[in-house]
file run-v1.txt (compact mmCIF, C-alpha atoms)
# COMPACT_ATOMS: atom_id res chain seq x y z
CA MET F 1 0.00 0.00 0.00
CA MET F 2 1.20 3.50 -0.82
CA LEU F 3 0.08 7.12 -0.68
CA GLY F 4 0.27 9.72 -3.45
CA ILE F 5 -0.78 13.34 -3.92
CA SER F 6 -1.86 15.50 -6.86
CA VAL F 7 -0.21 18.74 -7.92
CA TYR F 8 -1.42 20.97 -10.75
CA LEU F 9 1.16 23.10 -12.52
CA SER F 10 -0.84 26.33 -12.30
CA ASP F 11 -0.96 25.99 -8.51
CA VAL F 12 2.23 24.43 -7.12
CA ASP F 13 2.81 24.72 -3.37
CA TYR F 14 6.37 23.59 -2.69
CA GLU F 15 5.93 23.52 1.08
CA TYR F 16 3.08 21.05 0.62
CA LEU F 17 5.34 18.97 -1.62
CA LYS F 18 8.12 18.94 0.95
CA TYR F 19 5.77 17.94 3.77
CA ALA F 20 4.33 15.08 1.72
CA ALA F 21 7.85 13.91 0.87
CA SER F 22 8.77 13.94 4.57
CA LEU F 23 5.96 11.42 5.16
CA GLY F 24 7.32 9.10 2.49
CA VAL F 25 5.02 10.13 -0.38
CA ARG F 26 6.87 9.22 -3.57
CA PHE F 27 4.32 9.70 -6.37
CA ILE F 28 2.67 12.86 -7.67
CA PHE F 29 -0.23 12.86 -10.09
CA THR F 30 -0.66 15.83 -12.42
CA SER F 31 -2.63 16.59 -15.56
CA LEU F 32 -1.12 17.75 -18.83
CA HIS F 33 -4.33 18.06 -20.78
CA ILE F 34 -7.25 19.48 -18.79
CA PRO F 35 -8.56 22.72 -20.36
CA GLU F 36 -8.64 24.54 -17.00
CA GLU F 37 -4.89 24.23 -16.53
CA ASP F 38 -3.05 27.41 -17.55
CA LEU F 39 0.27 26.15 -18.91
CA SER F 40 1.29 29.42 -20.57
CA ASP F 41 4.23 29.71 -18.19
CA LEU F 42 5.18 26.06 -18.53
CA LYS F 43 8.74 26.71 -19.74
CA VAL F 44 9.48 28.28 -16.35
CA VAL F 45 7.21 26.22 -14.08
CA LEU F 46 7.92 22.72 -15.42
CA PRO F 47 11.74 22.68 -15.04
CA GLN F 48 11.48 23.98 -11.46
CA PHE F 49 8.75 21.46 -10.65
CA LEU F 50 10.73 18.55 -12.13
CA GLU F 51 13.92 19.61 -10.38
CA THR F 52 12.16 19.91 -7.01
CA CYS F 53 10.48 16.52 -7.38
CA GLU F 54 13.78 14.91 -8.29
CA SER F 55 15.49 16.45 -5.25
CA LEU F 56 12.68 15.11 -3.04
CA GLU F 57 12.89 11.68 -4.70
CA MET F 58 9.31 11.97 -5.93
CA GLU F 59 8.11 10.65 -9.28
CA ILE F 60 5.57 12.45 -11.44
CA ILE F 61 2.65 10.67 -13.10
CA PRO F 62 1.33 12.99 -15.84
CA ASP F 63 -2.16 12.30 -17.18
CA ILE F 64 -1.99 12.70 -20.96
CA SER F 65 -4.31 12.75 -23.95
CA PRO F 66 -3.69 13.76 -27.59
CA TYR F 67 -4.31 17.35 -26.44
CA THR F 68 -1.18 17.15 -24.27
CA PHE F 69 1.16 17.48 -27.25
CA GLU F 70 -0.49 20.72 -28.33
CA LYS F 71 -0.26 22.05 -24.78
CA LEU F 72 3.46 21.26 -24.67
CA GLU F 73 4.08 22.54 -28.23
CA LEU F 74 5.04 19.08 -29.48
CA GLU F 75 4.11 17.25 -32.65
CA ASN F 76 1.17 14.86 -32.30
CA ASN F 77 2.24 11.62 -30.56
CA ASP F 78 5.82 12.83 -30.13
CA PHE F 79 6.47 10.50 -27.21
CA LEU F 80 10.23 10.95 -27.38
CA GLY F 81 9.72 14.71 -27.08
CA LEU F 82 7.46 14.14 -24.09
CA LYS F 83 10.06 11.88 -22.49
CA ASN F 84 12.72 14.51 -23.07
CA LYS F 85 10.61 16.95 -21.05
CA GLY F 86 11.63 14.86 -18.04
CA PHE F 87 8.88 12.25 -17.57
CA SER F 88 9.48 8.54 -17.02
CA MET F 89 5.87 7.34 -16.73
CA VAL F 90 2.51 8.42 -18.14
CA ARG F 91 -1.11 7.78 -17.31
CA LEU F 92 -3.04 7.31 -20.55
CA ASP F 93 -6.42 9.02 -20.67
CA TYR F 94 -8.76 9.14 -23.66
CA GLY F 95 -7.27 8.83 -27.14
CA PHE F 96 -4.91 5.94 -26.38
CA GLU F 97 -7.35 3.03 -26.19
CA ASP F 98 -5.73 0.98 -28.97
CA VAL F 99 -3.60 -1.76 -27.36
CA SER F 100 -1.00 -1.61 -30.14
CA LEU F 101 -0.49 2.09 -29.44
CA VAL F 102 -0.19 1.34 -25.72
CA LYS F 103 2.55 -1.17 -26.52
CA GLU F 104 4.35 1.40 -28.65
CA ILE F 105 4.16 4.03 -25.89
CA SER F 106 5.59 1.50 -23.42
CA LYS F 107 8.90 1.74 -25.31
CA TYR F 108 9.28 5.22 -23.84
CA PHE F 109 7.45 5.14 -20.50
CA ARG F 110 6.14 3.02 -17.67
CA ILE F 111 2.45 2.77 -18.46
CA ILE F 112 -0.49 3.54 -16.20
CA LEU F 113 -3.92 2.77 -17.65
CA ASN F 114 -7.36 4.09 -16.78
CA ALA F 115 -8.62 1.44 -14.34
CA SER F 116 -12.19 2.74 -14.61
CA LEU F 117 -12.32 1.54 -18.24
CA VAL F 118 -10.04 -1.52 -18.22
CA ASP F 119 -12.16 -4.68 -18.21
CA ALA F 120 -11.30 -8.35 -18.81
CA SER F 121 -11.69 -8.01 -22.58
CA TYR F 122 -9.16 -5.17 -22.73
CA ILE F 123 -6.69 -7.08 -20.56
CA GLU F 124 -7.02 -10.12 -22.84
CA ASP F 125 -6.32 -7.87 -25.83
CA LEU F 126 -3.08 -6.79 -24.14
CA ILE F 127 -2.14 -10.41 -23.48
CA ASN F 128 -2.84 -11.34 -27.10
CA ILE F 129 -0.21 -8.88 -28.34
CA ASP F 130 2.32 -10.22 -25.82
CA PHE F 131 2.17 -7.15 -23.60
CA ASN F 132 3.83 -7.88 -20.26
CA LEU F 133 1.19 -7.09 -17.63
CA ASN F 134 3.95 -6.62 -15.06
CA ASN F 135 4.82 -3.39 -16.85
CA ILE F 136 1.50 -1.64 -16.22
CA HIS F 137 -0.35 -0.15 -13.26
CA LEU F 138 -4.04 0.77 -13.21
CA MET F 139 -5.30 4.10 -11.89
CA HIS F 140 -9.00 4.82 -11.58
CA ASN F 141 -10.45 8.11 -12.79
CA PHE F 142 -11.55 10.90 -10.53
CA TYR F 143 -14.77 12.75 -11.24
CA PRO F 144 -14.91 16.57 -10.79
CA ARG F 145 -18.66 16.91 -11.37
CA GLN F 146 -21.14 15.94 -8.69
CA ASP F 147 -23.14 12.75 -9.45
CA THR F 148 -20.64 11.41 -12.02
CA GLY F 149 -18.38 9.31 -9.76
CA LEU F 150 -18.37 5.52 -9.89
CA ASP F 151 -20.94 3.50 -7.98
CA ASP F 152 -19.80 0.78 -5.63
CA ASN F 153 -20.99 -2.21 -7.66
CA TYR F 154 -19.23 -1.16 -10.86
CA PHE F 155 -16.10 -0.30 -8.90
CA ARG F 156 -16.10 -3.65 -7.09
CA LYS F 157 -16.63 -5.68 -10.27
CA LEU F 158 -13.75 -3.93 -12.03
CA ASN F 159 -11.44 -4.38 -9.07
CA ASP F 160 -12.29 -8.09 -8.93
CA VAL F 161 -11.19 -8.38 -12.56
CA HIS F 162 -7.98 -6.43 -11.97
CA GLN F 163 -7.07 -8.53 -8.95
CA LYS F 164 -7.78 -11.74 -10.87
CA TYR F 165 -5.03 -10.74 -13.32
CA GLY F 166 -2.70 -9.65 -10.52
CA LEU F 167 -2.78 -5.96 -11.49
CA GLU F 168 -2.15 -3.23 -8.94
CA THR F 169 -4.63 -0.37 -8.77
CA SER F 170 -4.87 3.21 -7.50
CA ALA F 171 -7.91 5.30 -6.66
CA PHE F 172 -8.59 8.89 -5.63
CA VAL F 173 -10.09 10.55 -2.56
CA VAL F 174 -10.92 14.24 -2.22
CA GLY F 175 -8.69 16.89 -0.70
CA ASP F 176 -9.97 18.50 2.50
CA ARG F 177 -7.80 21.62 2.38
CA LYS F 178 -8.00 22.96 -1.18
CA LYS F 179 -10.32 21.77 -3.94
CA ARG F 180 -9.40 21.97 -7.63
CA LEU F 181 -11.07 24.30 -10.11
CA PRO F 182 -13.37 24.78 -11.96
CA LEU F 183 -16.19 23.17 -9.92
CA PHE F 184 -14.51 22.81 -6.52
CA GLU F 185 -16.68 19.74 -5.80
CA GLY F 186 -13.84 17.38 -4.96
CA LEU F 187 -12.09 14.76 -7.05
CA PRO F 188 -13.10 11.29 -5.79
CA THR F 189 -13.24 7.99 -7.66
CA LEU F 190 -16.39 6.85 -5.84
CA GLU F 191 -19.32 9.25 -5.89
CA ARG F 192 -20.22 8.15 -2.36
CA HIS F 193 -16.87 9.56 -1.19
CA ARG F 194 -17.42 13.08 -2.53
CA TYR F 195 -18.33 14.46 0.89
CA THR F 196 -16.60 11.79 2.99
CA ASN F 197 -13.54 12.62 5.06
CA PRO F 198 -10.63 11.58 2.78
CA TYR F 199 -8.86 9.72 5.55
CA VAL F 200 -11.95 7.59 6.17
CA ALA F 201 -12.42 7.06 2.42
CA GLY F 202 -8.77 6.09 1.99
CA VAL F 203 -8.86 3.51 4.78
CA GLU F 204 -12.02 2.01 3.27
CA LEU F 205 -10.44 1.70 -0.20
CA LEU F 206 -7.31 0.08 1.19
CA LYS F 207 -9.01 -2.15 3.74
CA ASN F 208 -12.23 -3.19 2.00
CA HIS F 209 -11.57 -2.86 -1.73
CA GLY F 210 -8.00 -4.11 -2.03
CA ILE F 211 -6.76 -0.87 -3.60
CA ASP F 212 -2.95 -0.71 -3.56
CA MET F 213 -2.41 3.05 -3.63
CA ILE F 214 -4.45 6.08 -2.56
CA PHE F 215 -4.05 9.48 -4.24
CA ILE F 216 -5.41 12.81 -3.01
CA GLY F 217 -7.20 14.04 -6.12
CA ASP F 218 -7.54 17.72 -5.24
CA ASN F 219 -4.82 20.36 -4.92
CA GLN F 220 -4.23 19.76 -1.23
CA ALA F 221 -5.24 17.71 1.80
CA LYS F 222 -4.76 18.75 5.39
CA TYR F 223 -1.36 17.84 6.76
CA THR F 224 -3.02 15.68 9.41
CA THR F 225 -4.94 13.81 6.69
CA LEU F 226 -1.66 12.96 4.96
CA GLN F 227 -0.10 12.06 8.29
CA PHE F 228 -2.99 9.76 9.30
CA LEU F 229 -3.05 8.01 5.92
CA SER F 230 0.71 7.57 5.98
CA GLU F 231 0.64 6.09 9.47
CA PHE F 232 -2.09 3.65 8.50
CA ILE F 233 -0.20 2.55 5.39
CA GLU F 234 3.23 2.33 7.01
CA LYS F 235 2.35 1.09 10.51
CA GLY F 236 -1.20 -0.26 10.38
CA VAL F 237 -2.39 2.36 12.88
CA VAL F 238 -5.87 3.90 12.58
CA THR F 239 -5.93 7.38 14.14
CA LEU F 240 -9.19 8.34 15.85
CA PRO F 241 -9.74 12.03 16.68
CA ALA F 242 -11.72 11.85 19.89
CA TYR F 243 -12.79 13.55 23.09
CA LEU F 244 -11.80 11.78 26.32
CA ASN F 245 -13.01 12.74 29.77
CA GLN F 246 -10.33 14.23 31.99
CA PRO F 247 -9.43 11.10 34.01
CA TYR F 248 -8.70 9.23 30.75
CA THR F 249 -6.68 11.72 28.69
CA SER F 250 -3.62 9.52 29.22
CA LEU F 251 -5.06 7.36 26.41
CA TYR F 252 -4.28 10.09 23.86
CA ASP F 253 -1.35 9.41 21.48
CA LYS F 254 -0.96 5.86 22.74
CA ILE F 255 -0.75 2.94 20.29
CA ILE F 256 -3.43 0.47 21.39
CA GLU F 257 -3.93 -3.06 20.11
CA ILE F 258 -7.35 -4.60 19.44
CA ARG F 259 -8.45 -7.89 20.96
CA GLN F 260 -8.98 -10.79 18.59
CA ASP F 261 -12.39 -11.56 20.08
CA THR F 262 -13.92 -8.26 18.97
CA THR F 263 -17.69 -8.48 18.41
CA LYS F 264 -20.01 -7.04 15.78
CA SER F 265 -21.13 -4.27 18.14
CA LEU F 266 -17.99 -3.62 20.20
CA VAL F 267 -14.28 -3.24 19.49
CA ARG F 268 -12.48 -4.46 22.61
CA LEU F 269 -9.14 -2.81 23.32
CA LYS F 270 -6.06 -4.48 24.77
CA LEU F 271 -5.63 -2.30 27.83
CA ASP F 272 -5.02 -3.37 31.40
CA ARG F 273 -8.22 -3.83 33.34
CA LYS F 274 -8.60 -2.01 36.65
CA PRO F 275 -10.73 -3.28 39.55
CA ASN F 276 -13.39 -1.27 41.34
CA ILE F 277 -14.00 1.38 38.66
CA PRO F 278 -16.87 3.43 40.14
CA GLN F 279 -20.23 3.47 38.42
CA LEU F 280 -20.79 6.83 36.72
CA GLU F 281 -21.91 8.48 33.47
CA ASN F 282 -24.05 5.51 32.43
CA ASN F 283 -25.72 6.52 29.18
CA HIS F 284 -26.94 4.80 26.06
CA ARG F 285 -24.00 3.41 24.13
CA ASN F 286 -24.23 5.27 20.83
CA VAL F 287 -22.08 4.61 17.76
CA GLY F 288 -18.69 6.19 18.41
CA SER F 289 -18.93 6.07 22.19
CA ILE F 290 -15.79 5.12 24.10
CA VAL F 291 -16.86 3.10 27.13
CA MET F 292 -15.24 1.43 30.12
CA ASP F 293 -16.69 -1.39 32.20
CA ASN F 294 -17.16 -0.50 35.87
CA LYS F 295 -17.08 -2.59 39.04
CA ILE F 296 -20.54 -4.05 38.37
CA ALA F 297 -18.90 -5.96 35.48
CA GLY F 298 -16.75 -7.83 37.99
CA ARG F 299 -13.41 -9.00 36.59
CA TYR F 300 -14.04 -6.98 33.40
CA SER F 301 -13.82 -3.73 35.36
CA GLY F 302 -11.59 -1.27 33.50
CA GLU F 303 -11.94 -2.86 30.06
CA VAL F 304 -12.24 -0.17 27.33
CA GLN F 305 -14.39 -0.65 24.25
CA LEU F 306 -15.45 1.26 21.14
CA VAL F 307 -19.14 1.10 20.25
CA VAL F 308 -19.59 0.18 16.57
CA GLU F 309 -23.38 -0.26 16.62
CA THR F 310 -25.74 1.61 18.93
CA MET F 311 -26.47 -0.54 21.98
CA PRO F 312 -28.96 -0.28 24.86
CA PHE F 313 -28.17 1.15 28.28
CA THR F 314 -26.28 -1.00 30.74
CA SER F 315 -25.39 -0.03 34.29
CA ARG F 316 -22.02 -1.79 34.09
CA SER F 317 -20.60 0.45 31.37
CA ASN F 318 -19.33 4.04 31.82
CA ASN F 319 -19.08 6.54 28.97
CA ILE F 320 -15.55 7.98 29.02
CA GLY F 321 -15.48 9.77 25.66
CA TRP F 322 -16.50 9.74 22.00
CA VAL F 323 -15.00 9.60 18.52
CA HIS F 324 -15.44 12.70 16.33
CA PRO F 325 -18.49 12.17 14.04
CA ASP F 326 -16.42 12.71 10.86
CA TYR F 327 -14.32 9.67 11.76
CA ILE F 328 -16.94 7.28 13.15
CA ASP F 329 -17.05 5.24 9.94
CA LEU F 330 -13.46 4.17 10.63
CA LEU F 331 -14.86 1.90 13.33
CA LYS F 332 -16.25 -0.38 10.60
CA TYR F 333 -12.75 -1.30 9.50
CA LEU F 334 -11.21 -2.10 12.86
CA ASP F 335 -10.00 -5.63 13.58
CA ASN F 336 -7.07 -7.18 15.37
CA SER F 337 -4.80 -6.84 12.31
CA ILE F 338 -4.46 -3.11 13.01
CA LYS F 339 -3.93 -0.82 15.99
CA ILE F 340 -5.62 2.42 16.99
CA LYS F 341 -4.49 5.75 18.39
CA PHE F 342 -6.73 8.39 19.96
CA VAL F 343 -5.74 12.00 19.29
CA GLU F 344 -7.27 15.22 20.60
CA ILE F 345 -9.78 16.76 18.21
CA ALA F 346 -8.09 20.14 18.54
CA SER F 347 -4.89 18.68 17.07
CA VAL F 348 -6.53 17.90 13.74
CA SER F 349 -5.90 20.72 11.31
call {"tool": "encode", "arguments": {"input": "run-v1.txt", "output": "structure tokens"}}
result
Amino acid sequence: MMLGISVYLSDVDYEYLKYAASLGVRFIFTSLHIPEEDLSDLKVVLPQFLETCESLEMEIIPDISPYTFEKLELENNDFLGLKNKGFSMVRLDYGFEDVSLVKEISKYFRIILNASLVDASYIEDLINIDFNLNNIHLMHNFYPRQDTGLDDNYFRKLNDVHQKYGLETSAFVVGDRKKRLPLFEGLPTLERHRYTNPYVAGVELLKNHGIDMIFIGDNQAKYTTLQFLSEFIEKGVVTLPAYLNQPYTSLYDKIIEIRQDTTKSLVRLKLDRKPNIPQLENNHRNVGSIVMDNKIAGRYSGEVQLVVETMPFTSRSNNIGWVHPDYIDLLKYLDNSIKIKFVEIASVS
């Protein structure tokens, strides 16, 4: 699993680039054909951008179409000229559907295909011309206009095909700091993720859909979003912004393991139990509640749990905090293969 970002040449923030690189981000998606991109100053911007990315050990994935060559003042399909601009890989958008042309382009670049359009028939066409599937990666589209993103069923069926052939895939989540023009409606792969926290969406894609790499589609994500995604990918830690009552703030910033015998309704945490916890703050156990068993629970006193499904009142369980509503859906993806970390809500920016 890996994390990537998107940078658009009319709006390059080098501090954002440097921060992403410090987290281990190694791939940058950009577009060299969208009409909204002002590339009039490209002769100045592109060399600086390429030089900075090289110094940060980051690789650029330019999205190209036949219109790209006009934008870069190159002859049509001048792939050598494009390579000489400083690119080593390309993501092929519309206009390069012919598999023979894809094979020709692969002489110059590492190839990334549009995963949202690559089905079993297309993959078989590649195999029939002796194209080495190990030389390609698949990247789903993002969808700038509301209501045009992929639905879950189509997405799942495509991913099943890609995984059958052993192909790695990428997908996009929105940025939560700066959206891209002209619609500013986010750039997700799944329509359902358009207004979902990108950290939550990213964990879902990696955990439930078998996606290999997550890209921020928009201009920028919050630094904490990049940090949380990076920590999940690199260390298997799910960060939960939460509020904890004063006696329990020591649980902040602590890596906590999850018990194997977690239930459908509760995630049980591997923390030392404590006897004789007094009975207090007994409320209904709503989704996102952080609860601790009290002395009425006997030897379970002091056990901490996360409520995944709303449960009825019980006198033996104290409410000690709650997970921020924007991050509650992360609870669906918790199991004993990963760890959690509570952080103060105020620290998320």
call {"tool": "atom_distance", "arguments": {"input": "run-v1.txt", "atom1": "CA of Tyr16 (chain F)", "atom2": "CA of Tyr223 (chain F)"}}
result
8.2 Å
call {"tool": "closest_atom_pairs", "arguments": {"input": "run-v1.txt", "of": "region 270-330 of chain F", "to": "region 194-209 of chain F", "cutoff": "8 Å", "atoms": "all atoms listed in the file", "output": "Markdown table"}}
result
| residue | atom | partner | partner_atom | distance |
| --- | --- | --- | --- | --- |
| F:Asp326 | CA | F:Asn197 | CA | 6.5 |
| F:Tyr327 | CA | F:Val200 | CA | 6.4 |
| F:Asp329 | CA | F:Val200 | CA | 6.8 |
| F:Leu330 | CA | F:Val200 | CA | 5.8 |
call {"tool": "residues_near_point", "arguments": {"input": "run-v1.txt", "point": "(5.3, 8.8, 5.2)", "cutoff": "12 Å", "atoms": "only C-alpha atoms", "output": "PyMOL selection string"}}
result
chain F and resi 1-5+18-27+223-235
call {"tool": "atom_distance", "arguments": {"input": "run-v1.txt", "atom1": "CA of Tyr122 (chain F)", "atom2": "CA of Arg156 (chain F)"}}
result
17.2 Å
call {"tool": "residues_near_point", "arguments": {"input": "run-v1.txt", "point": "(-1.9, -7.2, -22.7)", "cutoff": "12 Å", "atoms": "all atoms listed in the file", "output": "ChimeraX atom specification"}}
result
/F:98-103,106,111,113,118-137,165,167
call {"tool": "residues_around", "arguments": {"input": "run-v1.txt", "residues": "Tyr108 (chain F)", "least_positions_apart": "4", "cutoff": "12 Å", "atoms": "only C-alpha atoms", "output": "VMD selection string"}}
result
chain F and resid 77 to 84 86 to 90 101 to 104 135
call {"tool": "atom_distance", "arguments": {"input": "run-v1.txt", "atom1": "CA of Asn153 (chain F)", "atom2": "CA of Val287 (chain F)"}}
result
26.3 Å
call {"tool": "closest_residue", "arguments": {"input": "run-v1.txt", "among": "F:Pro241, F:Gly175, F:Gly149, F:Gly166", "to": "Val7 (chain F)", "atoms": "only C-alpha atoms"}}
result
F:Gly175
call {"tool": "closest_residue", "arguments": {"input": "run-v1.txt", "among": "F:Phe184, F:Tyr14, F:Phe342, F:Phe313", "to": "Arg285 (chain F)", "atoms": "all atoms listed in the file"}}
result
F:Phe313
call {"tool": "residues_around", "arguments": {"input": "run-v1.txt", "residues": "Ile34 (chain F)", "least_positions_apart": "6", "cutoff": "12 Å", "atoms": "all atoms listed in the file", "output": "ChimeraX atom specification"}}
result
/F:8-10,62-68,70-71,93-94,144,180-182
call {"tool": "closest_residue", "arguments": {"input": "run-v1.txt", "among": "F:Asp218, F:Asp152, F:Asp335, F:Asp160", "to": "Asp176 (chain F)", "atoms": "all atoms listed in the file"}}
result
F:Asp218
call {"tool": "closest_residue", "arguments": {"input": "run-v1.txt", "among": "F:Thr262, F:Thr249, F:Thr52, F:Ser116", "to": "Tyr333 (chain F)", "atoms": "only C-alpha atoms"}}
result
F:Thr262
call {"tool": "axis_aligned_box", "arguments": {"input": "run-v1.txt", "around": "region 134-150 of chain F", "padding_each_side": "5 Å", "output": "JSON"}}
result
{"center_x": -9.2, "center_y": 5.1, "center_z": -12.8, "size_x": 38.0, "size_y": 33.5, "size_z": 18.2}
call {"tool": "closest_residue", "arguments": {"input": "run-v1.txt", "among": "F:Ile345, F:Leu50, F:Leu158, F:Leu334", "to": "Thr263 (chain F)", "atoms": "only C-alpha atoms"}}
result
F:Leu334
call {"tool": "decode", "arguments": {"input": "run-v1.txt", "residues": "region 71-88 of chain F", "atoms": "N, CA, C and O atoms", "output": "tab-separated table (two decimals), in the first residue's frame"}}
result
chain	number	residue	atom	x	y	z
F	71	LYS	N	-0.54	21.24	-25.96
F	71	LYS	CA	-0.26	22.05	-24.78
F	71	LYS	C	1.24	22.25	-24.59
F	71	LYS	O	1.69	23.32	-24.16
F	72	LEU	N	2.02	21.20	-24.89
F	72	LEU	CA	3.46	21.26	-24.67
F	72	LEU	C	4.23	21.67	-25.92
F	72	LEU	O	5.46	21.60	-25.96
F	73	GLU	N	3.48	22.09	-26.96
F	73	GLU	CA	4.08	22.54	-28.23
F	73	GLU	C	4.94	21.45	-28.86
F	73	GLU	O	6.06	21.68	-29.32
F	74	LEU	N	4.38	20.23	-28.86
F	74	LEU	CA	5.04	19.08	-29.48
F	74	LEU	C	4.20	18.60	-30.66
F	74	LEU	O	3.00	18.87	-30.74
F	75	GLU	N	4.84	17.88	-31.56
F	75	GLU	CA	4.11	17.25	-32.65
F	75	GLU	C	3.20	16.16	-32.08
F	75	GLU	O	3.49	15.57	-31.03
F	76	ASN	N	2.11	15.87	-32.77
F	76	ASN	CA	1.17	14.86	-32.30
F	76	ASN	C	1.87	13.51	-32.09
F	76	ASN	O	2.62	13.04	-32.95
F	77	ASN	N	1.65	12.91	-30.92
F	77	ASN	CA	2.24	11.62	-30.56
F	77	ASN	C	3.77	11.62	-30.58
F	77	ASN	O	4.40	10.59	-30.85
F	78	ASP	N	4.36	12.75	-30.25
F	78	ASP	CA	5.82	12.83	-30.13
F	78	ASP	C	6.21	12.37	-28.72
F	78	ASP	O	6.50	13.16	-27.83
F	79	PHE	N	6.22	11.06	-28.54
F	79	PHE	CA	6.47	10.50	-27.21
F	79	PHE	C	7.92	10.69	-26.78
F	79	PHE	O	8.20	10.87	-25.58
F	80	LEU	N	8.84	10.68	-27.72
F	80	LEU	CA	10.23	10.95	-27.38
F	80	LEU	C	10.37	12.38	-26.88
F	80	LEU	O	11.08	12.64	-25.89
F	81	GLY	N	9.69	13.31	-27.53
F	81	GLY	CA	9.72	14.71	-27.08
F	81	GLY	C	9.14	14.86	-25.69
F	81	GLY	O	9.65	15.62	-24.85
F	82	LEU	N	8.07	14.11	-25.41
F	82	LEU	CA	7.46	14.14	-24.09
F	82	LEU	C	8.42	13.56	-23.05
F	82	LEU	O	8.57	14.12	-21.95
F	83	LYS	N	9.09	12.48	-23.41
F	83	LYS	CA	10.06	11.88	-22.49
F	83	LYS	C	11.20	12.85	-22.20
F	83	LYS	O	11.67	12.96	-21.06
F	84	ASN	N	11.62	13.57	-23.24
F	84	ASN	CA	12.72	14.51	-23.07
F	84	ASN	C	12.34	15.72	-22.20
F	84	ASN	O	13.23	16.46	-21.75
F	85	LYS	N	11.05	15.90	-21.97
F	85	LYS	CA	10.61	16.95	-21.05
F	85	LYS	C	10.96	16.59	-19.60
F	85	LYS	O	10.96	17.44	-18.72
F	86	GLY	N	11.22	15.28	-19.37
F	86	GLY	CA	11.63	14.86	-18.04
F	86	GLY	C	10.71	13.86	-17.37
F	86	GLY	O	10.81	13.64	-16.16
F	87	PHE	N	9.82	13.21	-18.15
F	87	PHE	CA	8.88	12.25	-17.57
F	87	PHE	C	9.33	10.82	-17.84
F	87	PHE	O	9.85	10.52	-18.93
F	88	SER	N	9.10	9.94	-16.87
F	88	SER	CA	9.48	8.54	-17.02
F	88	SER	C	8.26	7.61	-17.03
F	88	SER	O	8.39	6.43	-17.33
